[in-house]
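Student: Structure: data_9.cif, mmCIF, C-alpha atoms.
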data_input
#
loop_
_atom_site.label_atom_id
_atom_site.label_comp_id
_atom_site.auth_asym_id
_atom_site.auth_seq_id
_atom_site.Cartn_x
_atom_site.Cartn_y
_atom_site.Cartn_z
CA MET A 1 0.00 0.00 0.00
CA THR A 2 2.45 2.59 -1.22
CA ASP A 3 0.04 5.15 -2.65
CA ASP A 4 -2.67 6.17 -0.18
CA SER A 5 -4.63 8.30 -2.62
CA GLU A 6 -4.90 5.46 -5.13
CA PHE A 7 -6.03 3.12 -2.36
CA VAL A 8 -8.64 5.61 -1.16
CA ALA A 9 -9.90 6.06 -4.73
CA GLU A 10 -10.43 2.29 -4.97
CA LEU A 11 -12.27 2.31 -1.65
CA ARG A 12 -14.57 5.10 -2.86
CA ASP A 13 -15.33 3.11 -6.03
CA LEU A 14 -16.21 0.15 -3.88
CA LEU A 15 -18.79 2.19 -1.94
CA ILE A 16 -20.61 3.74 -4.94
CA ASP A 17 -23.28 1.06 -5.11
CA ALA A 18 -24.08 1.42 -1.44
CA PHE A 19 -23.71 5.16 -0.82
CA GLY A 20 -23.03 6.92 -4.14
CA ALA A 21 -20.08 9.31 -4.20
CA THR A 22 -18.33 9.57 -0.84
CA THR A 23 -15.36 11.22 0.80
CA VAL A 24 -13.14 8.77 2.69
CA VAL A 25 -11.57 10.14 5.87
CA ASP A 26 -9.63 8.93 8.89
CA LEU A 27 -8.35 5.75 7.26
CA HIS A 28 -6.12 3.91 9.74
CA ARG A 29 -5.09 0.34 10.42
CA LEU A 30 -6.56 -1.32 13.51
CA SER A 31 -4.74 -4.64 13.41
CA ALA A 32 -2.57 -6.80 11.25
CA GLY A 33 -2.56 -10.57 11.49
CA ALA A 34 -0.32 -12.93 9.56
CA SER A 35 -2.62 -12.80 6.53
CA ARG A 36 -5.40 -10.33 7.32
CA GLU A 37 -5.49 -6.62 8.06
CA THR A 38 -8.33 -4.61 9.53
CA TRP A 39 -8.69 -0.90 8.71
CA SER A 40 -11.07 1.69 10.10
CA PHE A 41 -12.39 4.64 8.10
CA ASP A 42 -15.37 6.97 7.67
CA ALA A 43 -17.19 7.57 4.40
CA LYS A 44 -19.13 10.83 4.09
CA ALA A 45 -22.00 11.17 1.62
CA ASP A 46 -24.86 13.70 1.54
CA GLY A 47 -24.11 14.94 5.02
CA ILE A 48 -24.14 11.44 6.50
CA THR A 49 -21.04 9.84 7.99
CA HIS A 50 -20.83 6.07 7.64
CA GLN A 51 -18.46 4.46 10.13
CA LEU A 52 -16.85 1.48 8.40
CA VAL A 53 -14.17 -1.19 8.62
CA LEU A 54 -12.26 -2.84 5.82
CA GLN A 55 -10.86 -6.35 6.19
CA ARG A 56 -8.38 -7.31 3.54
CA GLN A 57 -6.31 -10.38 2.88
CA ARG A 58 -2.90 -9.87 1.33
CA HIS A 59 -2.16 -11.46 -2.01
CA GLY A 60 -0.71 -14.92 -1.59
CA ALA A 61 -2.07 -15.31 1.93
CA VAL A 62 -4.43 -18.23 2.38
CA ALA A 63 -6.54 -18.17 5.51
CA GLY A 64 -10.17 -18.97 6.09
CA ILE A 65 -13.10 -18.46 3.77
CA ASN A 66 -13.07 -15.78 1.10
CA ALA A 67 -14.85 -12.46 1.54
CA VAL A 68 -17.66 -13.23 -0.89
CA ALA A 69 -18.60 -16.42 0.96
CA GLU A 70 -18.22 -14.54 4.25
CA ALA A 71 -20.46 -11.69 3.04
CA GLN A 72 -23.13 -14.20 1.98
CA LEU A 73 -23.01 -15.82 5.42
CA LEU A 74 -23.04 -12.49 7.30
CA ARG A 75 -26.08 -11.29 5.35
CA HIS A 76 -27.88 -14.57 5.98
CA ALA A 77 -27.02 -14.45 9.69
CA ARG A 78 -28.14 -10.82 9.99
CA ALA A 79 -31.44 -11.58 8.27
CA GLU A 80 -32.03 -14.25 10.93
CA GLY A 81 -31.50 -11.78 13.75
CA ILE A 82 -27.88 -12.69 14.60
CA ALA A 83 -25.64 -9.79 15.65
CA ALA A 84 -23.41 -10.13 12.58
CA PRO A 85 -21.81 -6.99 11.10
CA GLU A 86 -23.71 -5.30 8.25
CA VAL A 87 -21.82 -5.94 5.01
CA ILE A 88 -21.51 -2.96 2.64
CA ALA A 89 -19.31 -4.49 -0.05
CA ALA A 90 -17.06 -7.49 -0.66
CA GLY A 91 -14.92 -8.83 -3.46
CA LEU A 92 -11.97 -10.88 -4.60
CA ASP A 93 -8.72 -10.53 -6.51
CA HIS A 94 -8.25 -6.78 -6.50
CA ALA A 95 -4.78 -5.45 -7.26
CA LEU A 96 -4.83 -2.85 -4.47
CA LEU A 97 -7.48 -4.00 -2.03
CA GLY A 98 -6.16 -7.55 -1.77
CA SER A 99 -7.01 -11.12 -2.73
CA SER A 100 -10.16 -10.93 -0.61
CA PHE A 101 -11.76 -7.86 0.98
CA LEU A 102 -14.90 -6.93 2.86
CA VAL A 103 -16.33 -3.58 4.03
CA ALA A 104 -18.78 -3.62 6.92
CA ARG A 105 -20.30 -1.12 9.31
CA ARG A 106 -18.23 -0.50 12.44
CA VAL A 107 -20.06 -1.64 15.57
CA PRO A 108 -19.27 0.09 18.84
CA GLY A 109 -18.27 -2.16 21.72
CA GLU A 110 -15.45 -3.71 23.70
CA SER A 111 -13.79 -6.94 22.59
CA ILE A 112 -10.81 -7.18 24.99
CA PRO A 113 -11.70 -10.18 27.19
CA ARG A 114 -9.93 -9.03 30.36
CA ARG A 115 -11.91 -5.76 30.32
CA VAL A 116 -15.23 -7.47 29.67
CA LEU A 117 -14.46 -9.96 32.45
CA ARG A 118 -13.32 -7.41 35.05
CA ASP A 119 -14.51 -3.84 34.43
CA PRO A 120 -17.53 -2.77 36.53
CA GLU A 121 -18.97 -1.20 33.37
CA PHE A 122 -19.66 -4.69 31.96
CA GLU A 123 -21.34 -6.17 35.03
CA GLY A 124 -24.71 -6.14 33.26
CA ALA A 125 -23.21 -7.69 30.13
CA ARG A 126 -21.62 -10.44 32.24
CA SER A 127 -24.92 -11.23 33.97
CA ARG A 128 -26.61 -11.54 30.56
CA PHE A 129 -23.72 -13.40 28.92
CA VAL A 130 -25.09 -16.94 29.19
CA ASP A 131 -28.44 -16.09 27.59
CA ASP A 132 -26.90 -13.69 25.06
CA ALA A 133 -24.16 -16.00 23.85
CA ALA A 134 -26.41 -19.08 23.89
CA GLN A 135 -29.01 -17.29 21.74
CA GLN A 136 -26.42 -16.09 19.24
CA LEU A 137 -24.75 -19.48 18.92
CA ALA A 138 -28.03 -21.41 18.75
CA ALA A 139 -29.27 -19.04 16.02
CA ILE A 140 -26.05 -19.57 14.03
CA HIS A 141 -26.51 -23.33 14.34
CA ARG A 142 -30.12 -23.03 13.13
CA LEU A 143 -29.11 -21.30 9.86
CA ASP A 144 -29.99 -23.46 6.88
CA PRO A 145 -26.62 -24.91 5.79
CA THR A 146 -27.88 -25.68 2.28
CA HIS A 147 -27.51 -21.93 1.50
CA HIS A 148 -23.75 -22.29 1.93
CA HIS A 149 -22.85 -25.65 0.43
CA GLY A 150 -19.92 -25.12 -1.88
CA SER A 151 -18.93 -21.78 -0.37
CA LEU A 152 -18.18 -22.91 3.21
CA ARG A 153 -15.69 -25.66 4.03
CA HIS A 154 -17.18 -28.89 5.34
CA VAL A 155 -15.51 -30.07 8.51
CA ALA A 156 -16.08 -33.79 8.15
CA ASP A 157 -13.83 -35.04 10.95
CA GLU A 158 -12.04 -32.52 13.15
CA LEU A 159 -10.39 -35.27 15.20
CA GLU A 160 -8.63 -36.63 12.11
CA LEU A 161 -7.64 -33.08 11.07
CA GLN A 162 -6.04 -32.44 14.45
CA ARG A 163 -4.35 -35.86 14.53
CA THR A 164 -2.81 -35.23 11.11
CA LEU A 165 -1.62 -31.80 12.20
CA HIS A 166 -0.23 -33.17 15.48
CA GLU A 167 1.67 -35.94 13.70
CA SER A 168 3.13 -33.42 11.23
CA PHE A 169 5.22 -31.75 13.96
CA ALA A 170 8.75 -32.97 14.51
CA ASP A 171 8.65 -32.94 18.32
CA PRO A 172 6.89 -35.75 20.20
CA HIS A 173 4.11 -34.72 22.62
CA PRO A 174 2.88 -37.85 24.44
CA VAL A 175 0.11 -35.93 26.26
CA PHE A 176 -1.43 -35.03 22.90
CA ASP A 177 -1.27 -38.68 21.83
CA LEU A 178 -2.78 -39.80 25.12
CA VAL A 179 -5.74 -37.45 24.68
CA LEU A 180 -6.11 -38.31 20.98
CA ARG A 181 -6.29 -41.96 22.02
CA TRP A 182 -8.94 -41.18 24.63
CA LEU A 183 -10.88 -39.19 22.00
CA ASP A 184 -10.67 -42.21 19.64
CA LEU A 185 -12.07 -44.52 22.29
CA HIS A 186 -14.92 -42.18 23.31
CA ARG A 187 -16.33 -40.71 20.09
CA PRO A 188 -19.70 -39.04 20.74
CA VAL A 189 -22.85 -39.60 18.69
CA HIS A 190 -22.96 -37.86 15.33
CA ARG A 191 -25.35 -34.88 15.33
CA PRO A 192 -26.86 -33.26 12.25
CA ASP A 193 -24.28 -30.90 10.70
CA THR A 194 -24.91 -27.18 11.16
CA VAL A 195 -23.40 -23.89 10.06
CA LEU A 196 -20.40 -23.21 12.32
CA HIS A 197 -18.99 -19.83 13.27
CA GLY A 198 -15.60 -21.47 13.71
CA ASP A 199 -14.13 -19.04 16.26
CA PHE A 200 -16.98 -18.17 18.65
CA ARG A 201 -15.26 -17.08 21.86
CA MET A 202 -14.28 -14.13 24.04
CA GLY A 203 -12.16 -11.80 21.94
CA ASN A 204 -14.42 -12.22 18.90
CA LEU A 205 -17.55 -10.94 20.65
CA LEU A 206 -18.22 -7.22 21.11
CA PHE A 207 -19.92 -6.00 24.27
CA ASP A 208 -21.47 -2.82 25.60
CA SER A 209 -22.75 -2.50 29.16
CA ASN A 210 -25.97 -4.31 28.23
CA GLY A 211 -24.52 -7.35 26.47
CA ILE A 212 -23.29 -8.63 23.11
CA THR A 213 -23.41 -5.99 20.34
CA ALA A 214 -21.72 -8.01 17.59
CA VAL A 215 -20.35 -11.43 16.70
CA LEU A 216 -17.14 -10.85 14.73
CA ASP A 217 -14.42 -12.83 12.92
CA TRP A 218 -16.35 -15.30 10.79
CA GLU A 219 -13.43 -16.25 8.56
CA LEU A 220 -13.15 -19.76 10.05
CA ALA A 221 -16.83 -20.49 9.40
CA GLY A 222 -17.79 -23.89 8.03
CA ILE A 223 -20.35 -26.64 8.13
CA GLY A 224 -19.97 -29.47 10.61
CA GLN A 225 -20.75 -30.74 14.08
CA PRO A 226 -22.22 -28.08 16.43
CA GLY A 227 -20.06 -29.55 19.21
CA LEU A 228 -17.06 -27.90 17.51
CA ASP A 229 -18.34 -24.38 18.26
CA LEU A 230 -19.60 -25.37 21.71
CA GLY A 231 -16.34 -27.07 22.68
CA TRP A 232 -14.27 -24.14 21.40
CA LEU A 233 -16.31 -21.62 23.39
CA ALA A 234 -16.11 -23.85 26.47
CA SER A 235 -12.41 -24.68 26.16
CA ARG A 236 -10.37 -23.82 29.24
CA SER A 237 -8.01 -21.97 26.89
CA TRP A 238 -10.49 -19.09 26.53
CA ARG A 239 -11.15 -18.13 30.16
CA PHE A 240 -8.72 -15.18 30.17
CA GLY A 241 -8.24 -15.51 33.93
CA GLY A 242 -11.98 -15.25 34.65
CA PRO A 243 -13.48 -17.46 37.37
CA GLY A 244 -16.05 -19.30 35.21
CA GLU A 245 -15.09 -22.51 33.41
CA LEU A 246 -16.81 -21.31 30.19
CA ALA A 247 -15.51 -18.02 28.71
CA GLY A 248 -14.32 -17.05 32.20
CA ILE A 249 -17.93 -16.33 33.15
CA ALA A 250 -20.31 -19.28 33.16
CA SER A 251 -20.55 -22.93 34.15
CA VAL A 252 -20.86 -25.49 31.37
CA PRO A 253 -24.24 -26.89 32.54
CA GLU A 254 -25.89 -23.45 32.76
CA PHE A 255 -24.66 -22.57 29.27
CA LEU A 256 -25.85 -25.88 27.79
CA ALA A 257 -29.27 -25.34 29.39
CA ALA A 258 -29.51 -21.85 27.86
CA TYR A 259 -28.29 -23.14 24.48
CA GLY A 260 -30.94 -25.88 24.51
CA ALA A 261 -33.63 -23.39 25.59
CA ALA A 262 -32.62 -21.14 22.66
CA GLY A 263 -33.24 -23.97 20.21
CA GLY A 264 -29.78 -25.55 20.10
CA THR A 265 -29.22 -29.32 20.07
CA PRO A 266 -29.51 -30.63 23.63
CA PHE A 267 -25.97 -31.51 24.71
CA ASP A 268 -25.09 -32.92 28.09
CA GLU A 269 -21.90 -32.12 29.94
CA HIS A 270 -20.47 -35.55 29.22
CA GLU A 271 -20.87 -35.17 25.44
CA LEU A 272 -19.42 -31.67 25.58
CA GLN A 273 -16.37 -32.91 27.50
CA TRP A 274 -15.21 -34.66 24.31
CA TRP A 275 -15.57 -31.48 22.24
CA ARG A 276 -13.87 -29.35 24.91
CA ALA A 277 -10.90 -31.74 24.92
CA LEU A 278 -10.68 -31.66 21.11
CA ALA A 279 -10.93 -27.85 21.09
CA THR A 280 -8.14 -27.54 23.66
CA LEU A 281 -5.96 -29.88 21.61
CA ARG A 282 -6.72 -27.74 18.54
CA TRP A 283 -5.52 -24.63 20.40
CA GLY A 284 -2.36 -26.54 21.31
CA ASN A 285 -1.75 -27.33 17.65
CA ILE A 286 -2.31 -23.67 16.71
CA CYS A 287 0.32 -22.68 19.30
CA ARG A 288 2.72 -25.24 17.81
CA MET A 289 2.08 -23.87 14.28
CA MET A 290 2.92 -20.36 15.49
CA VAL A 291 6.17 -21.67 16.96
CA GLU A 292 7.03 -23.27 13.61
CA ASP A 293 6.85 -19.78 12.06
CA HIS A 294 9.54 -18.69 14.52
CA LEU A 295 11.68 -21.82 14.37
CA SER A 296 11.66 -22.03 10.58
CA GLY A 297 12.83 -18.41 10.36
CA ARG A 298 9.71 -17.29 8.47
CA THR A 299 8.86 -14.87 11.29
CA ARG A 300 11.55 -14.64 13.97
CA SER A 301 9.75 -13.33 17.05
CA VAL A 302 10.19 -13.64 20.81
CA GLU A 303 6.42 -13.53 21.17
CA LEU A 304 5.92 -16.50 18.84
CA ALA A 305 8.76 -18.30 20.62
CA THR A 306 7.15 -17.95 24.06
CA ILE A 307 3.81 -19.16 22.67
CA GLY A 308 5.62 -22.50 22.26
CA ARG A 309 5.94 -22.71 26.01
CA ARG A 310 2.20 -22.19 26.39
CA VAL A 311 1.83 -25.79 25.21
CA ALA A 312 2.51 -26.75 28.85
CA GLU A 313 -0.66 -24.81 29.78
CA VAL A 314 -2.55 -26.65 27.05
CA GLU A 315 -1.39 -30.00 28.45
CA TYR A 316 -2.48 -28.93 31.93
CA ASP A 317 -5.89 -27.90 30.54
CA LEU A 318 -6.20 -31.22 28.69
CA PHE A 319 -5.62 -33.13 31.92
CA MET A 320 -8.14 -30.93 33.76
CA THR A 321 -10.71 -31.44 30.98
CA VAL A 322 -10.20 -35.22 30.86
CA PRO A 323 -9.33 -36.27 34.41
CA GLU A 324 -10.10 -39.88 33.37
CA VAL A 325 -6.66 -40.15 31.76
CA ARG A 326 -4.84 -40.01 35.07
CA GLN A 327 -5.25 -41.69 38.43
CA MET B 1 25.79 -24.74 35.49
CA THR B 2 29.22 -23.61 36.68
CA GLY B 3 30.91 -25.79 39.23
CA THR B 4 32.97 -28.90 39.30
CA GLY B 5 33.99 -29.99 35.83
CA SER B 6 32.86 -26.86 33.98
CA PRO B 7 35.59 -24.94 32.10
CA PHE B 8 33.55 -21.72 32.04
CA ASP B 9 34.26 -18.69 34.17
CA ARG B 10 31.71 -17.23 36.52
CA PRO B 11 28.98 -16.08 36.14
CA GLY B 12 27.34 -19.12 34.56
CA ALA B 13 24.56 -19.10 31.98
CA GLU B 14 21.84 -19.17 34.64
CA ASP B 15 23.19 -16.05 36.34
CA LEU B 16 23.68 -14.22 33.03
CA VAL B 17 20.13 -14.93 31.93
CA THR B 18 18.65 -13.96 35.28
CA ALA B 19 20.68 -10.75 35.43
CA VAL B 20 19.46 -9.66 31.98
CA ARG B 21 15.90 -10.61 32.91
CA ASP B 22 16.06 -8.45 36.05
CA GLU B 23 17.37 -5.46 34.10
CA LEU B 24 14.66 -5.83 31.46
CA ALA B 25 12.03 -6.06 34.19
CA GLU B 26 13.23 -2.70 35.52
CA LEU B 27 13.32 -1.22 32.02
CA VAL B 28 9.64 -2.14 31.48
CA ASP B 29 8.55 0.52 33.97
CA ARG B 30 10.23 3.25 31.93
CA LEU B 31 8.68 2.22 28.60
CA SER B 32 5.24 2.54 27.08
CA GLY B 33 3.22 1.21 24.17
CA ARG B 34 4.66 -1.46 21.92
CA ASP B 35 8.20 -1.18 23.34
CA ARG B 36 6.88 -1.89 26.83
CA TRP B 37 5.00 -4.92 25.54
CA LEU B 38 8.00 -6.28 23.62
CA VAL B 39 10.38 -5.89 26.57
CA ARG B 40 7.88 -7.52 28.92
CA ILE B 41 7.67 -10.51 26.57
CA ALA B 42 11.48 -10.63 26.35
CA ALA B 43 11.78 -10.57 30.15
CA ASN B 44 9.24 -13.39 30.38
CA ALA B 45 11.18 -15.45 27.83
CA LEU B 46 14.33 -15.06 29.91
CA SER B 47 12.41 -16.00 33.07
CA ILE B 48 11.47 -19.26 31.36
CA ALA B 49 15.05 -19.84 30.20
CA GLY B 50 16.37 -19.08 33.71
CA ARG B 51 13.98 -21.55 35.35
CA GLU B 52 14.85 -24.21 32.77
CA LEU B 53 18.56 -23.76 33.46
CA GLU B 54 17.88 -24.09 37.18
CA PHE B 55 15.35 -26.96 37.28
CA GLY B 56 15.73 -28.53 33.83
CA PRO B 57 18.45 -31.11 34.56
CA ALA B 58 16.60 -32.66 37.52
CA MET B 59 13.26 -32.53 35.67
CA THR B 60 14.77 -34.25 32.63
CA ILE B 61 16.03 -37.12 34.81
CA ALA B 62 12.67 -37.38 36.59
CA HIS B 63 10.85 -37.52 33.24
CA ARG B 64 13.19 -40.25 31.94
CA ASP B 65 12.65 -42.25 35.13
CA ARG B 66 8.85 -42.02 34.76
CA LEU B 67 9.06 -43.26 31.15
CA ALA B 68 11.42 -46.05 32.22
CA GLU B 69 8.85 -47.31 34.74
CA LEU B 70 6.47 -47.74 31.79
CA GLY B 71 9.22 -49.54 29.85
CA MET B 72 9.81 -46.62 27.50
CA ALA B 73 13.22 -45.20 26.59
CA ASP B 74 12.04 -41.78 25.45
CA ASP B 75 9.09 -39.69 24.24
CA VAL B 76 9.26 -41.14 20.72
CA GLU B 77 8.82 -44.69 22.06
CA MET B 78 6.06 -43.46 24.37
CA VAL B 79 4.21 -41.79 21.52
CA ASP B 80 4.49 -44.87 19.28
CA ALA B 81 3.21 -47.13 22.05
CA ILE B 82 0.19 -44.90 22.78
CA ARG B 83 -0.64 -44.67 19.06
CA SER B 84 -0.43 -48.45 18.63
CA GLY B 85 -3.05 -48.95 21.33
CA ALA B 86 -0.61 -50.91 23.50
CA PHE B 87 -1.61 -48.82 26.53
CA ASP B 88 -5.36 -48.68 25.88
CA ASP B 89 -6.05 -50.60 29.09
CA GLN B 90 -3.66 -48.45 31.12
CA LEU B 91 -4.26 -44.93 29.80
CA ALA B 92 -4.66 -43.58 33.33
CA GLU B 93 -1.35 -45.15 34.37
CA VAL B 94 0.44 -43.50 31.45
CA GLY B 95 -1.43 -40.26 32.12
CA THR B 96 -0.34 -40.19 35.76
CA ALA B 97 3.31 -40.31 34.69
CA LEU B 98 2.83 -37.69 31.98
CA TRP B 99 0.83 -35.44 34.32
CA ALA B 100 3.83 -35.21 36.65
CA THR B 101 5.97 -34.10 33.70
CA THR B 102 3.33 -31.57 32.59
CA LEU B 103 3.38 -30.03 36.08
CA ASP B 104 7.18 -29.81 35.90
CA LYS B 105 6.98 -28.14 32.46
CA LEU B 106 4.46 -25.66 33.83
CA ARG B 107 6.74 -24.86 36.78
CA VAL B 108 9.27 -23.75 34.16
CA ALA B 109 6.96 -22.17 31.57
CA ASN B 110 4.43 -20.41 33.79
CA PRO B 111 4.38 -21.33 37.49
CA ASN B 112 1.43 -18.99 38.15
CA TYR B 113 -0.88 -20.79 35.75
CA ILE B 114 -2.07 -23.37 38.27
CA ASP B 115 -3.13 -20.71 40.80
CA GLU B 116 -4.67 -18.49 38.13
CA SER B 117 -6.69 -21.44 36.89
CA GLY B 118 -8.44 -21.65 40.23
CA ASP B 119 -8.25 -25.45 40.26
#
Could you write out this structure as structure tokens?

Tutor:
Amino acid sequence: MTDDSEFVAELRDLLIDAFGATTVVDLHRLSAGASRETWSFDAKADGITHQLVLQRQRHGAVAGINAVAEAQLLRHARAEGIAAPEVIAAGLDHALLGSSFLVARRVPGESIPRRVLRDPEFEGARSRFVDDAAQQLAAIHRLDPTHHHGSLRHVADELELQRTLHESFADPHPVFDLVLRWLDLHRPVHRPDTVLHGDFRMGNLLFDSNGITAVLDWELAGIGQPGLDLGWLASRSWRFGGPGELAGIASVPEFLAAYGAAGGTPFDEHELQWWRALATLRWGNICRMMVEDHLSGRTRSVELATIGRRVAEVEYDLFMTVPEVRQ
Amino acid sequence: MTGTGSPFDRPGAEDLVTAVRDELAELVDRLSGRDRWLVRIAANALSIAGRELEFGPAMTIAHRDRLAELGMADDVEMVDAIRSGAFDDQLAEVGTALWATTLDKLRVANPNYIDESGD
């Protein structure tokens, strides 16, 4: 992005269908991941200021679903009353904007988990969290998946995916193998596949003092077992130091009750234990992938290096999630 | 690791690492923004390295002894045996040995994690 004015001109072109001619102001980057960037900007048209965000994927970067599939899912979710961002424009393969890009309305709110979990301002949001989050997730899982066949990835067998990933690393991790073995021996019943958010957890939910204002970060969406989303949300890895076993706030049984009441598949704690263990193992594999970026020299970084040592926390959490595998 | 048999002069690696860590920890208070964050992460990395230098040798022996009690020479053998199903009837026995090693690893990587977890 060497020429700002050219970039802004492309952005303005992108908004013509939605708003007509606009002036783009206050363009600044909010965050930059390995493959995705998020930018904030305002577009002014006819005396109205539209507060927007742009998510763009750099050329050559492959991560998650593309913006057109994501836009289709966000619009579907929004039409069904889910707090998904309002999509303004999306597209693919643009020389300046990136290989995949999406403009949506900016939603006010706080996403930083430690603030949501601790600040007095969010006390009301915390007390509503179980019902709020259960309703959002149950509504996502009730979306008709046939609308997205072909555009969303189908997660046929997450356990095999994680086993393959685990076995691709050079360093042996017996605790991972122990838990994989336990998962093999205790597979839960197969539920009807649903739309999956793919990364539904603290950090990807926006809150104001009254509760959830938006469900963000849909790029890992797919179609598969609803236990994947439930286990991920309930993984001990996402408590951010909060006292509750689920998202640092709630107990697993109270969340499952609210999820069932909101129309989600009735899960019991025992069935969810399997998905929580798999989710925690998945987080461990993600940590190990980040370390590979450091070790291989692709991205030398002390931060990535120390994430490798968080695998000890993941092992601890695996043992706490599956106490059956020790005496 | 200085001491009998080591050709290196004092201070040893453990002291060097700890000394740098302590200086970085002081530096953190005088920094802000991204620099503060980076130096805090660097200090934490050296804390881990310092604890590994201090406790690592004994923990490595303890881990090897636990594997030996299960008839395993090292982690690779352990992993192969678990994958083959050879321990399916004794998963909890294997897990008990590995749990002790996980706790040791956590004492090096992040000793506060157990308390913070509220378990």

Student: So the first atom is atom CA of A:Ala18 and the second is atom CA of A:His59; what is the distance between them in Å, to one decimal place?

Tutor: 25.4 Å

Student: If we count all atoms listed in the file, what is near B:Ala100 at a cut-off of 12 Å, once residues fewer than 6 positions away on the same chain are taken out, given as number ranges by chain?

Tutor: A: 175, 312, 315-316, 319, 326-327; B: 59-60, 62-67, 93-94, 106-107

Student: Taking only C-alpha atoms into account, name the residue in A:Leu15, A:Val195, A:Met320, A:Ala9 that is nearest to chain B.

Tutor: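 Using only C-alpha atoms, the shortest distance to chain B belongs to A:Met320.
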
Student: List as a ChimeraX atom specification the residues having at least one atom at most 6 Å from position (-10.2, -47.9, 26.3) as given in the file, counting all atoms listed in the file.

Tutor: /A:185 /B:88-89

Student: Compare A:Ile223, A:Leu180, A:Ala83, A:Ile48 by their minimum atom-to-atom distance to chain B, counting all atoms listed in the file, and give me the closest one.

Tutor: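 Of A:Ile223, A:Leu180, A:Ala83, A:Ile48, the one nearest chain B is A:Leu180, counting all atoms listed in the file.
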
Student: Taking the file as I've supplied it (selection: the PyMOL selection byres ((chain A) within 12 of (chain B))), which residues are included? Please answer as a VMD selection string.

Tutor: chain A and resid 163 166 to 167 170 to 186 236 to 245 248 301 to 327

Student: Carefully work through the PyMOL selection byres ((chain A and resi 253-260) around 7) for this structure and note down the residues it includes, as an NGL selection string.

Tutor: :A and (130-131 or 134-135 or 138 or 250-252 or 261-267 or 269)

Student: Near stretch 61-77 of chain A, within 9 Å and counting all atoms listed in the file, which residues show up once chain neighbours fewer than 3 positions away are dropped, as a PyMOL selection string?

Tutor: chain A and resi 34-36+55-58+80-92+99-102+139-140+143+147-148+151-153+218-222

Student: In terms of the shortest atom-to-atom distance over only C-alpha atoms, which of A:Gln162, A:Asn204, A:Ser296, A:Thr194 is closest to A:Leu278?

Tutor: A:Gln162

Student: In the coordinate frame of the file, compute which residues have an atom within 12 Å of (-11.6, 4.9, -3.4) when using only C-alpha atoms, and state them as JSON, numbers by chain.

Tutor: {"A": [3, 4, 5, 6, 7, 8, 9, 10, 11, 12, 13, 14, 15, 16, 20, 21, 22, 23, 24, 25, 27, 41, 42, 43, 96, 97]}

Student: Taking only C-alpha atoms into account, which of A:Asp193, A:Asp268, A:Glu292, A:Asp119 comes nearest A:His149?

Tutor: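 Counting only C-alpha atoms, the residue closest to A:His149 is A:Asp193.
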
Student: From the set A:Leu233, A:Leu196, A:Ala79, A:Ala133, which residue has the shortest atom-to-atom contact distance to A:Val215, counting only C-alpha atoms?

Tutor: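 The closest residue to A:Val215 is A:Ala133.
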
Student: Take atom CA of A:Leu52 and atom CA of A:Leu205 and report the distance between them in Å, one decimal.

Tutor: 17.5 Å

Student: Quick one: pull the distance between atom CA of A:Gly211 and atom CA of A:Arg106, Å, one decimal.

Tutor: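 Atom-to-atom, atom CA of A:Gly211 to atom CA of A:Arg106, that is 16.8 Å.
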
Student: Export stretch 24-45 of chain B from the structure block above, keeping C-alpha atoms, as an mmCIF file, in the first residue's frame.

Tutor:
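Output contents, as saved in selection_13.cif:
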data_model
loop_
_atom_site.group_PDB
_atom_site.id
_atom_site.type_symbol
_atom_site.label_atom_id
_atom_site.label_comp_id
_atom_site.auth_asym_id
_atom_site.auth_seq_id
_atom_site.Cartn_x
_atom_site.Cartn_y
_atom_site.Cartn_z
ATOM 1 C CA LEU B 24 14.655 -5.827 31.465
ATOM 2 C CA ALA B 25 12.027 -6.064 34.194
ATOM 3 C CA GLU B 26 13.227 -2.695 35.524
ATOM 4 C CA LEU B 27 13.320 -1.225 32.021
ATOM 5 C CA VAL B 28 9.640 -2.138 31.484
ATOM 6 C CA ASP B 29 8.553 0.525 33.973
ATOM 7 C CA ARG B 30 10.231 3.245 31.926
ATOM 8 C CA LEU B 31 8.679 2.216 28.599
ATOM 9 C CA SER B 32 5.236 2.543 27.080
ATOM 10 C CA GLY B 33 3.222 1.208 24.170
ATOM 11 C CA ARG B 34 4.663 -1.459 21.920
ATOM 12 C CA ASP B 35 8.198 -1.179 23.341
ATOM 13 C CA ARG B 36 6.884 -1.893 26.830
ATOM 14 C CA TRP B 37 4.996 -4.922 25.539
ATOM 15 C CA LEU B 38 8.003 -6.283 23.618
ATOM 16 C CA VAL B 39 10.379 -5.894 26.567
ATOM 17 C CA ARG B 40 7.884 -7.517 28.919
ATOM 18 C CA ILE B 41 7.671 -10.509 26.574
ATOM 19 C CA ALA B 42 11.477 -10.630 26.348
ATOM 20 C CA ALA B 43 11.775 -10.566 30.148
ATOM 21 C CA ASN B 44 9.236 -13.386 30.383
ATOM 22 C CA ALA B 45 11.176 -15.449 27.825
#
